[in-house]
4 protein chains.
Amino acid sequence: MFSHRTLVRLHDTDAAGILFFAHQFKIAHDAYETFMEGSGNSFASIFKDKTMLIPIVHAEADYVAALEVGDYLSVRMVAEQIGDSSFTLSYRLVDNDDRVVGTVKTVHVCINRQSGEKIPVPDKLRRALEAIA
Amino acid sequence: MFSHRTLVRLHDTDAAGILFFAHQFKIAHDAYETFMEGSGNSFASIFKDKTMLIPIVHAEADYVAALEVGDYLSVRMVAEQIGDSSFTLSYRLVDNDDRVVGTVKTVHVCINRQSGEKIPVPDKLRRALEAIA
Amino acid sequence: MFSHRTLVRLHDTDAAGILFFAHQFKIAHDAYETFMEGSGNSFASIFKDKTMLIPIVHAEADYVAALEVGDYLSVRMVAEQIGDSSFTLSYRLVDNDDRVVGTVKTVHVCINRQSGEKIPVPDKLRRALEAIA
Amino acid sequence: MFSHRTLVRLHDTDAAGILFFAHQFKIAHDAYETFMEGSGNSFASIFKDKTMLIPIVHAEADYVAALEVGDYLSVRMVAEQIGDSSFTLSYRLVDNDDRVVGTVKTVHVCINRQSGEKIPVPDKLRRALEAIA
């Protein structure tokens with residue numbers, strides 16, 4: 001499991017006073033981004049290489065509790081599935097009382113940046129994912 | 001069916017050169033927001049009333065094609081399910097060549113703003129949803 | 001003058017119930033983006049060319065009135081200054097009662113995408129800017 | 001001086017490959033938000049009180065260097081001016097090589113949430129601001 005600490009920012013909320021639903025995906029993605037950097041697969045290096053992109057082809061989320069500005073969260077991420085070209089990440093957002101307040105799932109596919117065709121998950125990334133499977 | 005025209009803005013894209021996945025939910029939500037206002041259920045009036053909120057409790061999306069800045073879209077929205085307190089909206093994002101480039105689904109629950117308890121979908125909103133069922 | 005109609009979206013607001021200040025810049029930029037596309041200088045074509053970027057090097061805004069979800073706005077944009085490599089755009093956000101509710105200014109510089117060095121404002125863009133000077 | 005560590009997220013960038021200009025204001029505001037919470041003036045408590053809001057009435061930024069995804073930043077914030085009802089915050093964004101890559105300024109006014117009228121900067125907030133003046 002990969003764990004990432006964060007909090008709800010004012011710009012994550014809306015006039016209903018709580019987290020705007022689409023921003024839960026941003027919060028999950030920040031955890032993914034931090035995981036990628038920590039495992040030597042940083043987006044910066046991926047974009048510099050210009051050989052691969054890893055678009056998200058499916059995303060889903062459940063909202064268990066309303067989150068407010070300043071709420072601290074742990075985002076706990078696991079690799080739920082690792083295929084040839086794709087992988088699925090699953091995230092639980094947990095508050096300071098250890099309650100699950102939201103869940104997110106994202107499905108990622110490795111593609112060749114020029115042709116758009118599927119390519120195998122690179123070894124270094126595969127090992128990083130296996131470590132949190 | 002409710003249809004809403006929009007386009008991908010620069011701030012909807014990221015350094016991969018395409019739509020950031022979480023922003024497809026924003027694009028869908030803009031259509032929902034326009035539908036709500038057009039049917040006499042504007043968020044402005046809901047927030048002014050202070051009696052009801054309609055949080056999204058589930059959201060999911062599929063990404064069929066990579067979207068770029070300036071791409072025009074029709075967001076076609078239908079009410080997939082209308083329950084006592086909740087309803088499910090389904091959106092297809094269609095490009096200028098009439099290709100479906102993405103789909104979104106959102107599940108909404110009407111709650112009492114003070115108690116947080118479920119309340120029936122208000123009549124005016126129910127009728128508006130039935131008209132796009 | 002270039003005029004662009006828009007409205008405040010739920011995701012433009014925050015838990016204070018009004019427009020999050022940084023999103024006024026997004027609203028102004030949407031008008032700029034629409035102007036660019038309409039004048040044959042679309043961002044899509046600029047990014048496809050890969051020869052030029054037009055970063056914003058300065059931005060400022062004043063907030064005259066609190067904006068709420070659903071508020072309709074006209075963004076009225078003029079070219080305040082057109083230099084060799086740079087130009088300054090000035091925007092007034094006007095509500096349905098013709099009151100100025102906010103102002104924005106952005107300074108743009110044309111650079112060579114590879115070298116990062118300043119380049120002259122391209123002719124087609126210069127003519128478009130002169131038309132709203 | 002108040003210092004806040006952060007980094008450029010993928011959703012802070014756009015298809016030009018660099019930070020979208022409006023998001024520099026979000027980055028500065030995150031520092032302000034952290035400062036407020038650390039000094040006992042959290043937005044959560046302000047919103048719960050329902051007596052005061054502190055809208056931003058002016059914002060400006062200069063962009064010194066293009067920022068990319070994964071770039072680490074220190075946001076160094078000082079109170080440039082503290083008036084009866086208003087205060088001005090000034091931020092320098094500094095990269096890992098101690099270069100200033102951007103600057104932001106925001107002007108805040110304390111108002112009564114119901115009447116909208118200016119009110120004095122509360123004592124606890126004033127002391128916090130004086131400590132970084």
# chains A, B, ... in the order shown; residues from 1 in each chain; ligands from 1
call {"tool": "interface_residues", "arguments": {"of": "chain D", "to": "chain C", "cutoff": "9 Å", "atoms": "only C-alpha atoms", "output": "list of chain:residue names"}}
result
D:Ala15, D:Ala16, D:Phe20, D:Phe21, D:Ala22, D:His23, D:Gln24, D:Phe25, D:Lys26, D:His29, D:Phe47, D:Leu53, D:Pro55, D:Ile56, D:Val57, D:His58, D:Ala59, D:Glu60, D:Ala61, D:Asp62, D:Tyr63, D:Val64, D:Ala65, D:Ala66
call {"tool": "write_last_selection", "arguments": {"atoms": "N, CA, C and O atoms", "output": "tab-separated table (two decimals), in the first residue's frame"}}
result
chain	number	residue	atom	x	y	z
D	15	ALA	N	-1.73	22.31	-21.75
D	15	ALA	CA	-1.17	21.68	-22.94
D	15	ALA	C	0.10	22.38	-23.45
D	15	ALA	O	0.82	21.83	-24.28
D	16	ALA	N	0.40	23.57	-22.94
D	16	ALA	CA	1.68	24.22	-23.26
D	16	ALA	C	2.84	23.53	-22.52
D	16	ALA	O	4.00	23.85	-22.76
D	20	PHE	N	-0.32	26.51	-15.74
D	20	PHE	CA	-1.36	27.44	-16.21
D	20	PHE	C	-1.34	28.65	-15.27
D	20	PHE	O	-1.40	28.50	-14.05
D	21	PHE	N	-1.28	29.85	-15.85
D	21	PHE	CA	-0.98	31.05	-15.06
D	21	PHE	C	-1.90	31.23	-13.84
D	21	PHE	O	-1.44	31.65	-12.78
D	22	ALA	N	-3.18	30.93	-14.00
D	22	ALA	CA	-4.11	31.17	-12.89
D	22	ALA	C	-3.81	30.27	-11.70
D	22	ALA	O	-4.18	30.59	-10.56
D	23	HIS	N	-3.14	29.15	-11.96
D	23	HIS	CA	-2.88	28.21	-10.88
D	23	HIS	C	-1.74	28.68	-9.97
D	23	HIS	O	-1.56	28.13	-8.88
D	24	GLN	N	-0.95	29.67	-10.41
D	24	GLN	CA	0.05	30.24	-9.49
D	24	GLN	C	-0.68	30.91	-8.31
D	24	GLN	O	-0.16	30.91	-7.19
D	25	PHE	N	-1.86	31.45	-8.58
D	25	PHE	CA	-2.64	32.05	-7.49
D	25	PHE	C	-3.15	30.97	-6.53
D	25	PHE	O	-3.20	31.19	-5.32
D	26	LYS	N	-3.51	29.80	-7.05
D	26	LYS	CA	-3.93	28.70	-6.19
D	26	LYS	C	-2.77	28.27	-5.30
D	26	LYS	O	-2.96	28.00	-4.11
D	29	HIS	N	-2.34	30.74	-2.63
D	29	HIS	CA	-3.46	30.68	-1.69
D	29	HIS	C	-3.34	29.47	-0.77
D	29	HIS	O	-3.73	29.55	0.41
D	47	PHE	N	-15.65	29.78	8.59
D	47	PHE	CA	-16.93	29.44	7.95
D	47	PHE	C	-17.94	28.95	8.99
D	47	PHE	O	-19.14	29.16	8.83
D	53	LEU	N	-16.21	37.20	6.58
D	53	LEU	CA	-15.54	36.66	5.40
D	53	LEU	C	-14.34	37.56	5.12
D	53	LEU	O	-14.29	38.71	5.56
D	55	PRO	N	-12.80	38.34	1.77
D	55	PRO	CA	-12.60	38.26	0.32
D	55	PRO	C	-11.30	38.93	-0.13
D	55	PRO	O	-10.81	39.87	0.51
D	56	ILE	N	-10.77	38.42	-1.21
D	56	ILE	CA	-9.61	39.03	-1.86
D	56	ILE	C	-10.15	40.07	-2.84
D	56	ILE	O	-11.02	39.75	-3.66
D	57	VAL	N	-9.68	41.30	-2.72
D	57	VAL	CA	-10.20	42.38	-3.57
D	57	VAL	C	-9.22	42.76	-4.69
D	57	VAL	O	-9.59	43.50	-5.60
D	58	HIS	N	-8.00	42.28	-4.57
D	58	HIS	CA	-7.00	42.52	-5.63
D	58	HIS	C	-6.00	41.37	-5.59
D	58	HIS	O	-5.66	40.87	-4.52
D	59	ALA	N	-5.55	40.97	-6.77
D	59	ALA	CA	-4.52	39.93	-6.86
D	59	ALA	C	-3.65	40.23	-8.05
D	59	ALA	O	-4.14	40.72	-9.08
D	60	GLU	N	-2.36	39.98	-7.92
D	60	GLU	CA	-1.48	40.15	-9.07
D	60	GLU	C	-0.32	39.17	-8.98
D	60	GLU	O	0.04	38.70	-7.89
D	61	ALA	N	0.24	38.86	-10.13
D	61	ALA	CA	1.34	37.89	-10.17
D	61	ALA	C	2.28	38.20	-11.31
D	61	ALA	O	1.88	38.71	-12.36
D	62	ASP	N	3.56	37.92	-11.06
D	62	ASP	CA	4.55	37.94	-12.13
D	62	ASP	C	5.10	36.52	-12.28
D	62	ASP	O	5.24	35.78	-11.30
D	63	TYR	N	5.40	36.18	-13.53
D	63	TYR	CA	5.88	34.84	-13.86
D	63	TYR	C	7.30	34.97	-14.37
D	63	TYR	O	7.53	35.54	-15.43
D	64	VAL	N	8.24	34.47	-13.59
D	64	VAL	CA	9.65	34.68	-13.91
D	64	VAL	C	10.21	33.51	-14.71
D	64	VAL	O	11.01	33.68	-15.60
D	65	ALA	N	9.77	32.32	-14.38
D	65	ALA	CA	10.26	31.12	-15.06
D	65	ALA	C	9.09	30.18	-15.29
D	65	ALA	O	8.12	30.17	-14.52
D	66	ALA	N	9.18	29.40	-16.36
D	66	ALA	CA	8.13	28.42	-16.65
D	66	ALA	C	8.27	27.25	-15.68
D	66	ALA	O	9.36	26.69	-15.51
call {"tool": "residues_around", "arguments": {"residues": "Ile82 in chain D", "least_positions_apart": "5", "cutoff": "12 Å", "atoms": "only C-alpha atoms", "output": "list in words"}}
result
Phe87, Thr88, Leu89, Ser90, Val107, His108, Val109, Cys110, Pro120, Val121, Pro122, Asp123, Leu125, Arg126, Arg127, Ala128, Leu129, Glu130, Ala131, Ile132 and Ala133 of chain D
call {"tool": "write_last_selection", "arguments": {"atoms": "all heavy atoms", "output": "short mmCIF file (atom, residue, chain, number, x, y, z; two decimals), in the first residue's frame"}}
result
data_model
loop_
_atom_site.label_atom_id
_atom_site.label_comp_id
_atom_site.auth_asym_id
_atom_site.auth_seq_id
_atom_site.Cartn_x
_atom_site.Cartn_y
_atom_site.Cartn_z
N PHE D 87 -5.47 43.72 4.69
CA PHE D 87 -4.04 43.39 4.74
C PHE D 87 -3.60 42.89 3.38
O PHE D 87 -4.41 42.41 2.59
CB PHE D 87 -3.73 42.37 5.85
CG PHE D 87 -4.52 41.10 5.77
CD1 PHE D 87 -4.02 39.98 5.10
CD2 PHE D 87 -5.78 41.00 6.37
CE1 PHE D 87 -4.74 38.80 5.03
CE2 PHE D 87 -6.52 39.81 6.29
CZ PHE D 87 -6.00 38.71 5.63
N THR D 88 -2.30 43.08 3.12
CA THR D 88 -1.72 42.68 1.84
C THR D 88 -0.65 41.63 2.09
O THR D 88 0.25 41.84 2.90
CB THR D 88 -1.09 43.90 1.14
OG1 THR D 88 -2.11 44.88 0.92
CG2 THR D 88 -0.47 43.52 -0.19
N LEU D 89 -0.78 40.51 1.39
CA LEU D 89 0.22 39.44 1.49
C LEU D 89 1.05 39.41 0.22
O LEU D 89 0.54 39.62 -0.88
CB LEU D 89 -0.47 38.09 1.71
CG LEU D 89 -1.32 38.00 2.98
CD1 LEU D 89 -2.05 36.65 3.02
CD2 LEU D 89 -0.45 38.17 4.22
N SER D 90 2.32 39.15 0.40
CA SER D 90 3.25 39.10 -0.72
C SER D 90 3.96 37.75 -0.67
O SER D 90 4.40 37.32 0.40
CB SER D 90 4.23 40.27 -0.56
OG SER D 90 5.20 40.24 -1.55
N VAL D 107 -4.61 41.19 -1.84
CA VAL D 107 -5.15 42.15 -0.87
C VAL D 107 -6.48 41.62 -0.34
O VAL D 107 -7.37 41.26 -1.12
CB VAL D 107 -5.36 43.53 -1.53
CG1 VAL D 107 -5.89 44.53 -0.50
CG2 VAL D 107 -4.06 44.04 -2.16
N HIS D 108 -6.57 41.54 0.98
CA HIS D 108 -7.71 40.92 1.65
C HIS D 108 -8.44 41.95 2.50
O HIS D 108 -7.80 42.79 3.14
CB HIS D 108 -7.21 39.81 2.60
CG HIS D 108 -6.31 38.80 1.93
ND1 HIS D 108 -6.63 37.49 1.80
CD2 HIS D 108 -5.08 38.93 1.34
CE1 HIS D 108 -5.66 36.85 1.17
NE2 HIS D 108 -4.70 37.70 0.89
N VAL D 109 -9.77 41.87 2.53
CA VAL D 109 -10.57 42.78 3.35
C VAL D 109 -11.49 41.97 4.25
O VAL D 109 -12.20 41.07 3.78
CB VAL D 109 -11.41 43.72 2.47
CG1 VAL D 109 -12.29 44.62 3.34
CG2 VAL D 109 -10.51 44.58 1.59
N CYS D 110 -11.49 42.28 5.52
CA CYS D 110 -12.39 41.62 6.47
C CYS D 110 -13.76 42.29 6.40
O CYS D 110 -13.86 43.51 6.56
CB CYS D 110 -11.85 41.72 7.90
SG CYS D 110 -10.27 40.89 8.11
N PRO D 120 -12.94 45.47 11.56
CA PRO D 120 -11.50 45.43 11.87
C PRO D 120 -10.92 44.02 11.72
O PRO D 120 -11.63 43.04 11.95
CB PRO D 120 -11.44 45.88 13.34
CG PRO D 120 -12.73 46.57 13.61
CD PRO D 120 -13.75 45.92 12.71
N VAL D 121 -9.66 43.95 11.34
CA VAL D 121 -8.96 42.67 11.34
C VAL D 121 -8.99 42.12 12.77
O VAL D 121 -8.55 42.81 13.70
CB VAL D 121 -7.49 42.85 10.87
CG1 VAL D 121 -6.74 41.54 10.94
CG2 VAL D 121 -7.44 43.45 9.47
N PRO D 122 -9.53 40.92 13.00
CA PRO D 122 -9.59 40.37 14.36
C PRO D 122 -8.19 40.29 15.00
O PRO D 122 -7.19 40.07 14.30
CB PRO D 122 -10.16 38.96 14.14
CG PRO D 122 -10.90 39.03 12.84
CD PRO D 122 -10.14 40.01 12.00
N ASP D 123 -8.15 40.45 16.31
CA ASP D 123 -6.88 40.53 17.04
C ASP D 123 -5.97 39.33 16.78
O ASP D 123 -4.77 39.48 16.55
CB ASP D 123 -7.14 40.62 18.55
CG ASP D 123 -7.53 42.05 18.94
OD1 ASP D 123 -7.39 42.95 18.08
OD2 ASP D 123 -7.98 42.23 20.08
N LEU D 125 -5.82 37.30 14.30
CA LEU D 125 -5.31 37.34 12.94
C LEU D 125 -4.27 38.45 12.80
O LEU D 125 -3.21 38.27 12.18
CB LEU D 125 -6.46 37.53 11.95
CG LEU D 125 -6.11 37.70 10.48
CD1 LEU D 125 -5.18 36.60 9.98
CD2 LEU D 125 -7.38 37.74 9.62
N ARG D 126 -4.55 39.60 13.41
CA ARG D 126 -3.61 40.73 13.35
C ARG D 126 -2.25 40.33 13.94
O ARG D 126 -1.20 40.62 13.36
CB ARG D 126 -4.19 41.94 14.09
CG ARG D 126 -3.28 43.18 14.09
CD ARG D 126 -3.94 44.37 14.78
NE ARG D 126 -5.15 44.79 14.08
CZ ARG D 126 -5.16 45.60 13.02
NH1 ARG D 126 -4.01 46.11 12.58
NH2 ARG D 126 -6.28 45.92 12.44
N ARG D 127 -2.28 39.66 15.07
CA ARG D 127 -1.02 39.24 15.69
C ARG D 127 -0.26 38.25 14.79
O ARG D 127 0.96 38.31 14.67
CB ARG D 127 -1.28 38.60 17.06
CG ARG D 127 -1.59 39.63 18.15
CD ARG D 127 -1.53 39.02 19.55
NE ARG D 127 -2.47 37.92 19.71
CZ ARG D 127 -3.74 38.07 20.10
NH1 ARG D 127 -4.22 39.26 20.39
NH2 ARG D 127 -4.52 37.02 20.22
N ALA D 128 -1.02 37.37 14.16
CA ALA D 128 -0.39 36.38 13.26
C ALA D 128 0.27 37.10 12.07
O ALA D 128 1.37 36.74 11.65
CB ALA D 128 -1.42 35.37 12.78
N LEU D 129 -0.43 38.10 11.56
CA LEU D 129 0.11 38.85 10.42
C LEU D 129 1.33 39.66 10.84
O LEU D 129 2.33 39.73 10.11
CB LEU D 129 -0.97 39.78 9.84
CG LEU D 129 -2.16 39.07 9.18
CD1 LEU D 129 -3.29 40.06 8.92
CD2 LEU D 129 -1.72 38.41 7.87
N GLU D 130 1.27 40.28 12.03
CA GLU D 130 2.40 41.08 12.50
C GLU D 130 3.65 40.21 12.67
O GLU D 130 4.77 40.69 12.49
CB GLU D 130 2.03 41.77 13.82
CG GLU D 130 1.09 42.96 13.60
CD GLU D 130 0.47 43.52 14.88
OE1 GLU D 130 0.64 42.88 15.95
OE2 GLU D 130 -0.19 44.57 14.80
N ALA D 131 3.43 38.94 12.98
CA ALA D 131 4.57 38.05 13.17
C ALA D 131 5.29 37.73 11.86
O ALA D 131 6.44 37.25 11.87
CB ALA D 131 4.11 36.74 13.83
N ILE D 132 4.65 37.99 10.73
CA ILE D 132 5.32 37.76 9.44
C ILE D 132 5.44 39.07 8.65
O ILE D 132 5.60 39.05 7.42
CB ILE D 132 4.59 36.68 8.59
CG1 ILE D 132 3.13 37.10 8.30
CG2 ILE D 132 4.64 35.31 9.27
CD1 ILE D 132 2.52 36.34 7.12
N ALA D 133 5.33 40.20 9.35
CA ALA D 133 5.41 41.50 8.67
C ALA D 133 6.87 41.85 8.38
O ALA D 133 7.78 41.37 9.05
CB ALA D 133 4.76 42.58 9.51
#
call {"tool": "atom_distance", "arguments": {"atom1": "CA of Thr51 in chain B", "atom2": "CA of Met1 in chain B"}}
result
28.2 Å
call {"tool": "select_by_dssp", "arguments": {"residues": "chain D", "states": "alpha helix (DSSP H)", "output": "PyMOL selection string"}}
result
chain D and resi 22-38+43-49+123-130
call {"tool": "residues_around", "arguments": {"residues": "Tyr72 in chain A", "least_positions_apart": "5", "cutoff": "12 Å", "atoms": "only C-alpha atoms", "output": "list in words"}}
result
His4, Arg5, Thr6, Leu7, Val8, Arg9, Ile27, Leu67, Leu93, Val94, Asp95, Asn96, Asp97, Asp98, Arg99 and Val101 of chain A; Thr34, Glu37 and Ala44 of chain D
call {"tool": "write_last_selection", "arguments": {"atoms": "C-alpha atoms", "output": "PDB file, in the first residue's frame"}}
result
ATOM      1  CA  HIS A   4      -0.188   9.929   0.881  1.00  0.00           C
ATOM      2  CA  ARG A   5      -1.198  12.702   3.313  1.00  0.00           C
ATOM      3  CA  THR A   6      -3.124  15.670   2.032  1.00  0.00           C
ATOM      4  CA  LEU A   7      -5.986  17.990   2.936  1.00  0.00           C
ATOM      5  CA  VAL A   8      -9.017  19.620   1.389  1.00  0.00           C
ATOM      6  CA  ARG A   9      -8.179  23.090   0.083  1.00  0.00           C
ATOM      7  CA  ILE A  27      -6.880  14.273  -4.703  1.00  0.00           C
ATOM      8  CA  LEU A  67     -15.503  16.724   3.162  1.00  0.00           C
ATOM      9  CA  LEU A  93      -9.568   8.313   1.412  1.00  0.00           C
ATOM     10  CA  VAL A  94      -9.353   7.997   5.174  1.00  0.00           C
ATOM     11  CA  ASP A  95      -9.906  10.818   7.661  1.00  0.00           C
ATOM     12  CA  ASN A  96      -8.115  11.467  10.973  1.00  0.00           C
ATOM     13  CA  ASP A  97     -10.545   9.163  12.806  1.00  0.00           C
ATOM     14  CA  ASP A  98      -9.611   6.342  10.426  1.00  0.00           C
ATOM     15  CA  ARG A  99     -13.010   6.419   8.714  1.00  0.00           C
ATOM     16  CA  VAL A 101     -14.747   8.978   3.585  1.00  0.00           C
TER      17      VAL A 101
ATOM     18  CA  THR D  34      -1.841  26.789   5.741  1.00  0.00           C
ATOM     19  CA  GLU D  37      -4.753  27.275  10.009  1.00  0.00           C
ATOM     20  CA  ALA D  44     -12.996  25.918   8.723  1.00  0.00           C
TER      21      ALA D  44
END
call {"tool": "select_by_dssp", "arguments": {"residues": "range 12-116 of chain B", "states": "strand (DSSP E or B)", "output": "PyMOL selection string"}}
result
chain B and resi 13+19+52-53+56-63+72-82+86-94+100-109+111-112
call {"tool": "write_last_selection", "arguments": {"atoms": "C-alpha atoms", "output": "tab-separated table (two decimals), in the first residue's frame"}}
result
chain	number	residue	atom	x	y	z
B	13	THR	CA	-5.84	20.13	-20.50
B	19	LEU	CA	-7.97	16.68	-21.30
B	52	MET	CA	-31.84	20.94	0.41
B	53	LEU	CA	-28.54	19.77	-0.96
B	56	ILE	CA	-23.21	13.31	-5.80
B	57	VAL	CA	-22.60	9.94	-4.12
B	58	HIS	CA	-21.14	8.10	-7.11
B	59	ALA	CA	-19.46	9.17	-10.33
B	60	GLU	CA	-17.83	7.24	-13.13
B	61	ALA	CA	-16.44	7.97	-16.56
B	62	ASP	CA	-15.00	6.23	-19.58
B	63	TYR	CA	-12.56	7.95	-21.90
B	72	TYR	CA	-16.13	21.19	-29.51
B	73	LEU	CA	-18.46	18.80	-27.75
B	74	SER	CA	-22.15	18.12	-27.33
B	75	VAL	CA	-22.92	16.73	-23.92
B	76	ARG	CA	-26.09	14.61	-24.23
B	77	MET	CA	-27.66	13.92	-20.87
B	78	VAL	CA	-30.49	11.58	-19.90
B	79	ALA	CA	-32.02	10.57	-16.57
B	80	GLU	CA	-31.19	6.90	-16.38
B	81	GLN	CA	-32.99	6.25	-13.13
B	82	ILE	CA	-35.30	8.30	-10.90
B	86	SER	CA	-32.04	9.80	-5.75
B	87	PHE	CA	-31.51	9.94	-9.48
B	88	THR	CA	-28.86	8.83	-11.93
B	89	LEU	CA	-27.73	10.96	-14.86
B	90	SER	CA	-25.94	9.53	-17.85
B	91	TYR	CA	-23.94	11.70	-20.27
B	92	ARG	CA	-22.41	11.05	-23.67
B	93	LEU	CA	-19.77	13.48	-24.91
B	94	VAL	CA	-20.06	13.65	-28.68
B	100	VAL	CA	-18.87	9.41	-28.72
B	101	VAL	CA	-15.55	10.49	-27.16
B	102	GLY	CA	-16.46	9.90	-23.54
B	103	THR	CA	-19.25	8.86	-21.18
B	104	VAL	CA	-20.04	9.92	-17.63
B	105	LYS	CA	-22.53	8.77	-15.02
B	106	THR	CA	-23.42	10.56	-11.77
B	107	VAL	CA	-25.70	9.47	-8.92
B	108	HIS	CA	-27.37	12.24	-6.91
B	109	VAL	CA	-29.19	12.09	-3.57
B	111	ILE	CA	-30.88	15.47	1.44
B	112	ASN	CA	-32.14	17.88	4.06
call {"tool": "atom_distance", "arguments": {"atom1": "CA of Asp71 in chain A", "atom2": "CA of Val69 in chain D"}}
result
25.0 Å
call {"tool": "atom_distance", "arguments": {"atom1": "CA of Leu10 in chain C", "atom2": "CA of Asn41 in chain B"}}
result
13.8 Å
call {"tool": "decode", "arguments": {"residues": "range 66-77 of chain D", "atoms": "C-alpha atoms", "output": "PDB file, in the first residue's frame"}}
result
ATOM      1  CA  ALA D  66       8.129  28.416 -16.645  1.00  0.00           C
ATOM      2  CA  LEU D  67       7.198  25.770 -14.079  1.00  0.00           C
ATOM      3  CA  GLU D  68       6.753  22.110 -14.979  1.00  0.00           C
ATOM      4  CA  VAL D  69       5.023  19.153 -13.384  1.00  0.00           C
ATOM      5  CA  GLY D  70       6.972  17.894 -10.395  1.00  0.00           C
ATOM      6  CA  ASP D  71       8.844  21.151  -9.762  1.00  0.00           C
ATOM      7  CA  TYR D  72       9.250  21.682  -6.038  1.00  0.00           C
ATOM      8  CA  LEU D  73       8.655  25.140  -4.646  1.00  0.00           C
ATOM      9  CA  SER D  74       8.931  27.054  -1.425  1.00  0.00           C
ATOM     10  CA  VAL D  75       6.275  29.714  -1.133  1.00  0.00           C
ATOM     11  CA  ARG D  76       7.635  32.472   1.112  1.00  0.00           C
ATOM     12  CA  MET D  77       4.907  34.750   2.374  1.00  0.00           C
TER      13      MET D  77
END
